[in-house]
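Undergrad: Dropping a structure here in structure tokens format, bear with me for questions.
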Amino acid sequence: MLAGLHGPGQLLERITPIHPPPYAPDHNPAGHVRNAARNDTATIQHETPEGTLGASAPYVTDRTVDYDFEHLPAPRNQKRFCFMTAIGTISTDAAKNINTYRTPRRGVGDREALDGLDPADFQVGDKSAYAGDEAAARTFADPRIGNYENGYTRFDMHPDFKNEFAQYKSPYTEGGPSSVQYAIPAGKIDRFNELTINREWVSYDKISGS
């Protein structure tokens, strides 16, 4: 219905929709500005927060980025919508993506499936969020476990996830001989969310076939 409003004589005819893929940092001018500021200030320890702000401010106020509208990637083939519209769609490129799964603690399943992982939830204990293959998630989703949601979230990850998070990967023997898990540090959770292309909740009833 919204797409129809962009047609001739319609309310939004003067607006041209742009369809970048779910992960397109090269076409995000704000991302270029943030990267420039981070790369030049992140390794410098200032005595006060004001010093850090003063060092990074010129990268935000003095930098311009050419937003190349004419050479954006073509829209992806949208086969079906995920129930979280903010995340986007599953495309024909899904086979190239990496899937990882996470069974959250009881009470936060809906929030994680909708908004992704929140670093604030992982500031105690070993300060890590655990995700893994489907077999690992299934062991915690069993209602007999008690402290976890009866289901898990499937994360469709950008292919860069495989290399960037390889150092956090380890065997998970409880899930089977080839099962693995990722112990994602709280400081890397924002990056995990950036690399997430799609999230989908899978209930235990669906897992068990009941």
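Residue numbering restarts at 1 in every chain; chains get A, B, ... in the order shown in the structure tokens, and ligands count up from 1 in that same order.
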Which polymer residues have any atom within 8 Å of an atom of Tyr182 (chain A), counting only C-alpha atoms, with same-chain residues fewer than 4 positions away left out, as a list in words?
TA: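 Residues near the query, excluding close chain neighbours: Ala129, Tyr130, Ala131, Gly132, Phe165, Tyr168, Lys169 and Ser170 of chain A.
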Undergrad: Just write the chosen residues, N, CA, C and O atoms, as an mmCIF file, in the first residue's frame.
TA:
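And here is the file that came out, part34.cif:
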data_model
loop_
_atom_site.group_PDB
_atom_site.id
_atom_site.type_symbol
_atom_site.label_atom_id
_atom_site.label_comp_id
_atom_site.auth_asym_id
_atom_site.auth_seq_id
_atom_site.Cartn_x
_atom_site.Cartn_y
_atom_site.Cartn_z
ATOM 1 N N ALA A 129 27.779 -12.887 26.291
ATOM 2 C CA ALA A 129 26.516 -13.414 25.780
ATOM 3 C C ALA A 129 26.834 -14.685 25.007
ATOM 4 O O ALA A 129 27.757 -14.703 24.190
ATOM 5 N N TYR A 130 26.066 -15.728 25.264
ATOM 6 C CA TYR A 130 26.358 -17.015 24.640
ATOM 7 C C TYR A 130 25.377 -17.304 23.509
ATOM 8 O O TYR A 130 24.161 -17.188 23.662
ATOM 9 N N ALA A 131 25.931 -17.657 22.362
ATOM 10 C CA ALA A 131 25.156 -18.086 21.199
ATOM 11 C C ALA A 131 25.887 -19.288 20.620
ATOM 12 O O ALA A 131 27.047 -19.541 20.944
ATOM 13 N N GLY A 132 25.223 -20.023 19.777
ATOM 14 C CA GLY A 132 25.879 -21.206 19.221
ATOM 15 C C GLY A 132 25.104 -21.784 18.065
ATOM 16 O O GLY A 132 24.289 -21.099 17.444
ATOM 17 N N PHE A 165 34.355 -13.043 14.683
ATOM 18 C CA PHE A 165 34.052 -13.646 15.978
ATOM 19 C C PHE A 165 34.655 -15.038 16.137
ATOM 20 O O PHE A 165 34.334 -15.742 17.094
ATOM 21 N N TYR A 168 36.072 -16.197 19.499
ATOM 22 C CA TYR A 168 35.168 -16.443 20.611
ATOM 23 C C TYR A 168 34.439 -17.791 20.482
ATOM 24 O O TYR A 168 33.585 -18.102 21.304
ATOM 25 N N LYS A 169 34.802 -18.562 19.494
ATOM 26 C CA LYS A 169 34.134 -19.834 19.206
ATOM 27 C C LYS A 169 34.844 -20.980 19.917
ATOM 28 O O LYS A 169 36.067 -21.033 19.984
ATOM 29 N N SER A 170 34.056 -21.918 20.458
ATOM 30 C CA SER A 170 34.625 -23.076 21.144
ATOM 31 C C SER A 170 33.651 -24.249 21.037
ATOM 32 O O SER A 170 32.459 -24.058 20.787
#
Undergrad: Quick one: everything within 10 Å of Asp205 (chain A), counting only C-alpha atoms, minus sequence neighbours fewer than 6 positions away in the same chain. Send it as a PyMOL selection string.
TA: chain A and resi 142+150-151
Undergrad: Hey, can you spit out that residue selection with all heavy atoms as an mmCIF file, in the first residue's frame?
TA:
data_model
loop_
_atom_site.group_PDB
_atom_site.id
_atom_site.type_symbol
_atom_site.label_atom_id
_atom_site.label_comp_id
_atom_site.auth_asym_id
_atom_site.auth_seq_id
_atom_site.Cartn_x
_atom_site.Cartn_y
_atom_site.Cartn_z
ATOM 1 N N ASP A 142 14.686 -26.507 26.263
ATOM 2 C CA ASP A 142 13.845 -27.559 26.845
ATOM 3 C C ASP A 142 13.175 -27.031 28.124
ATOM 4 O O ASP A 142 13.849 -26.508 29.015
ATOM 5 C CB ASP A 142 14.709 -28.770 27.177
ATOM 6 C CG ASP A 142 13.884 -29.997 27.544
ATOM 7 O OD1 ASP A 142 12.893 -29.843 28.287
ATOM 8 O OD2 ASP A 142 14.231 -31.100 27.093
ATOM 9 N N ASN A 150 11.381 -20.977 26.567
ATOM 10 C CA ASN A 150 11.077 -22.233 25.884
ATOM 11 C C ASN A 150 11.097 -22.009 24.373
ATOM 12 O O ASN A 150 10.074 -22.054 23.679
ATOM 13 C CB ASN A 150 9.719 -22.772 26.341
ATOM 14 C CG ASN A 150 9.690 -23.072 27.823
ATOM 15 O OD1 ASN A 150 8.671 -22.933 28.468
ATOM 16 N ND2 ASN A 150 10.829 -23.473 28.385
ATOM 17 N N GLY A 151 12.272 -21.747 23.890
ATOM 18 C CA GLY A 151 12.495 -21.468 22.474
ATOM 19 C C GLY A 151 13.793 -20.712 22.323
ATOM 20 O O GLY A 151 14.494 -20.453 23.308
#
Undergrad: Can you list, as a ChimeraX atom specification, every protein, DNA or RNA residue that comes within 10 Å of Phe140 (chain A) when you count only C-alpha atoms, leaving out same-chain residues fewer than 2 positions away?
TA: /A:102-105,135-138,142-152,175
Undergrad: So that I can check the surroundings of region 183-199 of chain A, please list as a PyMOL selection string every protein, DNA and RNA residue that reaches within 6 Å of it, counting only C-alpha atoms and ignoring chain neighbours fewer than 6 positions away.
TA: chain A and resi 22+87+119+122+127-130+154-158+168
Undergrad: Give me, as a tab-separated table (two decimals) with all heavy atoms, in the first residue's frame, all polymer residues having an atom no more than 12 Å from Arg111 (chain A), counting only C-alpha atoms and skipping those fewer than 4 positions away in the same chain.
TA:
chain	number	residue	atom	x	y	z
A	84	MET	N	9.77	-8.76	12.45
A	84	MET	CA	10.32	-7.49	12.92
A	84	MET	C	10.67	-6.65	11.70
A	84	MET	O	11.68	-6.88	11.05
A	84	MET	CB	11.58	-7.69	13.76
A	84	MET	CG	11.34	-8.36	15.10
A	84	MET	SD	11.16	-10.11	14.97
A	84	MET	CE	12.76	-10.59	14.41
A	104	PRO	N	17.65	-17.25	25.29
A	104	PRO	CA	17.83	-16.24	26.34
A	104	PRO	C	17.25	-16.69	27.68
A	104	PRO	O	16.43	-17.61	27.75
A	104	PRO	CB	17.06	-15.03	25.79
A	104	PRO	CG	15.99	-15.65	24.95
A	104	PRO	CD	16.57	-16.91	24.37
A	105	ARG	N	17.68	-16.04	28.70
A	105	ARG	CA	17.10	-16.30	30.02
A	105	ARG	C	15.63	-15.86	30.03
A	105	ARG	O	15.23	-14.98	29.28
A	105	ARG	CB	17.88	-15.57	31.11
A	105	ARG	CG	19.27	-16.14	31.33
A	105	ARG	CD	19.89	-15.62	32.62
A	105	ARG	NE	21.18	-16.26	32.85
A	105	ARG	CZ	21.33	-17.44	33.45
A	105	ARG	NH1	20.26	-18.10	33.88
A	105	ARG	NH2	22.52	-17.96	33.64
A	106	ARG	N	14.88	-16.49	30.89
A	106	ARG	CA	13.43	-16.24	30.93
A	106	ARG	C	13.15	-14.77	31.20
A	106	ARG	O	13.76	-14.15	32.07
A	106	ARG	CB	12.80	-17.11	32.01
A	106	ARG	CG	11.27	-17.01	32.08
A	106	ARG	CD	10.69	-18.16	32.86
A	106	ARG	NE	10.88	-19.42	32.12
A	106	ARG	CZ	10.59	-20.62	32.62
A	106	ARG	NH1	10.13	-20.72	33.86
A	106	ARG	NH2	10.77	-21.70	31.90
A	107	GLY	N	12.23	-14.23	30.43
A	107	GLY	CA	11.81	-12.84	30.62
A	107	GLY	C	12.38	-11.86	29.62
A	107	GLY	O	11.90	-10.72	29.54
A	115	ASP	N	14.75	-6.48	19.48
A	115	ASP	CA	15.73	-5.40	19.48
A	115	ASP	C	17.18	-5.87	19.42
A	115	ASP	O	18.09	-5.05	19.32
A	115	ASP	CB	15.56	-4.53	20.73
A	115	ASP	CG	14.18	-3.90	20.80
A	115	ASP	OD1	13.66	-3.50	19.75
A	115	ASP	OD2	13.62	-3.79	21.91
A	116	GLY	N	17.43	-7.18	19.51
A	116	GLY	CA	18.80	-7.67	19.55
A	116	GLY	C	19.32	-7.71	20.98
A	116	GLY	O	18.60	-7.47	21.94
A	117	LEU	N	20.59	-8.03	21.11
A	117	LEU	CA	21.19	-8.14	22.43
A	117	LEU	C	21.47	-6.77	23.02
A	117	LEU	O	21.87	-5.85	22.31
A	117	LEU	CB	22.49	-8.94	22.35
A	117	LEU	CG	22.40	-10.33	21.71
A	117	LEU	CD1	23.72	-11.06	21.83
A	117	LEU	CD2	21.29	-11.15	22.33
A	118	ASP	N	21.28	-6.65	24.33
A	118	ASP	CA	21.52	-5.39	25.03
A	118	ASP	C	22.79	-5.56	25.88
A	118	ASP	O	22.81	-6.39	26.79
A	118	ASP	CB	20.33	-5.06	25.93
A	118	ASP	CG	20.46	-3.71	26.62
A	118	ASP	OD1	21.56	-3.11	26.58
A	118	ASP	OD2	19.47	-3.25	27.22
A	121	ASP	N	22.71	-6.07	29.67
A	121	ASP	CA	22.31	-7.34	30.27
A	121	ASP	C	23.50	-8.23	30.61
A	121	ASP	O	23.33	-9.28	31.22
A	121	ASP	CB	21.37	-8.11	29.33
A	121	ASP	CG	20.02	-7.43	29.17
A	121	ASP	OD1	19.65	-6.64	30.06
A	121	ASP	OD2	19.34	-7.68	28.16
A	149	GLU	N	14.04	-19.31	28.33
A	149	GLU	CA	12.83	-19.28	27.51
A	149	GLU	C	12.63	-20.63	26.83
A	149	GLU	O	13.60	-21.34	26.53
A	149	GLU	CB	12.95	-18.18	26.45
A	149	GLU	CG	13.06	-16.77	27.00
A	149	GLU	CD	11.71	-16.20	27.46
A	149	GLU	OE1	10.73	-16.97	27.52
A	149	GLU	OE2	11.66	-15.00	27.75
A	153	THR	N	16.14	-17.73	19.60
A	153	THR	CA	16.19	-16.80	18.47
A	153	THR	C	17.25	-17.26	17.48
A	153	THR	O	18.38	-17.57	17.88
A	153	THR	CB	16.52	-15.37	18.94
A	153	THR	OG1	15.55	-14.95	19.89
A	153	THR	CG2	16.52	-14.40	17.76
A	199	ARG	N	16.41	-11.57	12.49
A	199	ARG	CA	16.19	-12.37	13.70
A	199	ARG	C	14.82	-13.02	13.61
A	199	ARG	O	13.86	-12.40	13.15
A	199	ARG	CB	16.26	-11.49	14.96
A	199	ARG	CG	17.62	-10.89	15.24
A	199	ARG	CD	17.62	-10.15	16.57
A	199	ARG	NE	16.80	-8.97	16.56
A	199	ARG	CZ	17.23	-7.75	16.24
A	199	ARG	NH1	18.49	-7.56	15.89
A	199	ARG	NH2	16.42	-6.72	16.26
A	200	GLU	N	14.74	-14.25	14.07
A	200	GLU	CA	13.45	-14.94	14.05
A	200	GLU	C	13.34	-15.84	15.28
A	200	GLU	O	14.24	-16.62	15.58
A	200	GLU	CB	13.30	-15.78	12.79
A	200	GLU	CG	11.93	-16.45	12.67
A	200	GLU	CD	11.71	-17.11	11.33
A	200	GLU	OE1	12.67	-17.18	10.54
A	200	GLU	OE2	10.58	-17.57	11.08
A	201	TRP	N	12.21	-15.72	15.99
A	201	TRP	CA	11.98	-16.53	17.17
A	201	TRP	C	11.45	-17.90	16.77
A	201	TRP	O	10.56	-18.02	15.93
A	201	TRP	CB	10.99	-15.83	18.10
A	201	TRP	CG	10.64	-16.66	19.30
A	201	TRP	CD1	9.49	-17.33	19.54
A	201	TRP	CD2	11.49	-16.89	20.44
A	201	TRP	NE1	9.55	-17.97	20.74
A	201	TRP	CE2	10.76	-17.72	21.31
A	201	TRP	CE3	12.78	-16.49	20.78
A	201	TRP	CZ2	11.29	-18.16	22.52
A	201	TRP	CZ3	13.30	-16.91	21.99
A	201	TRP	CH2	12.56	-17.73	22.84
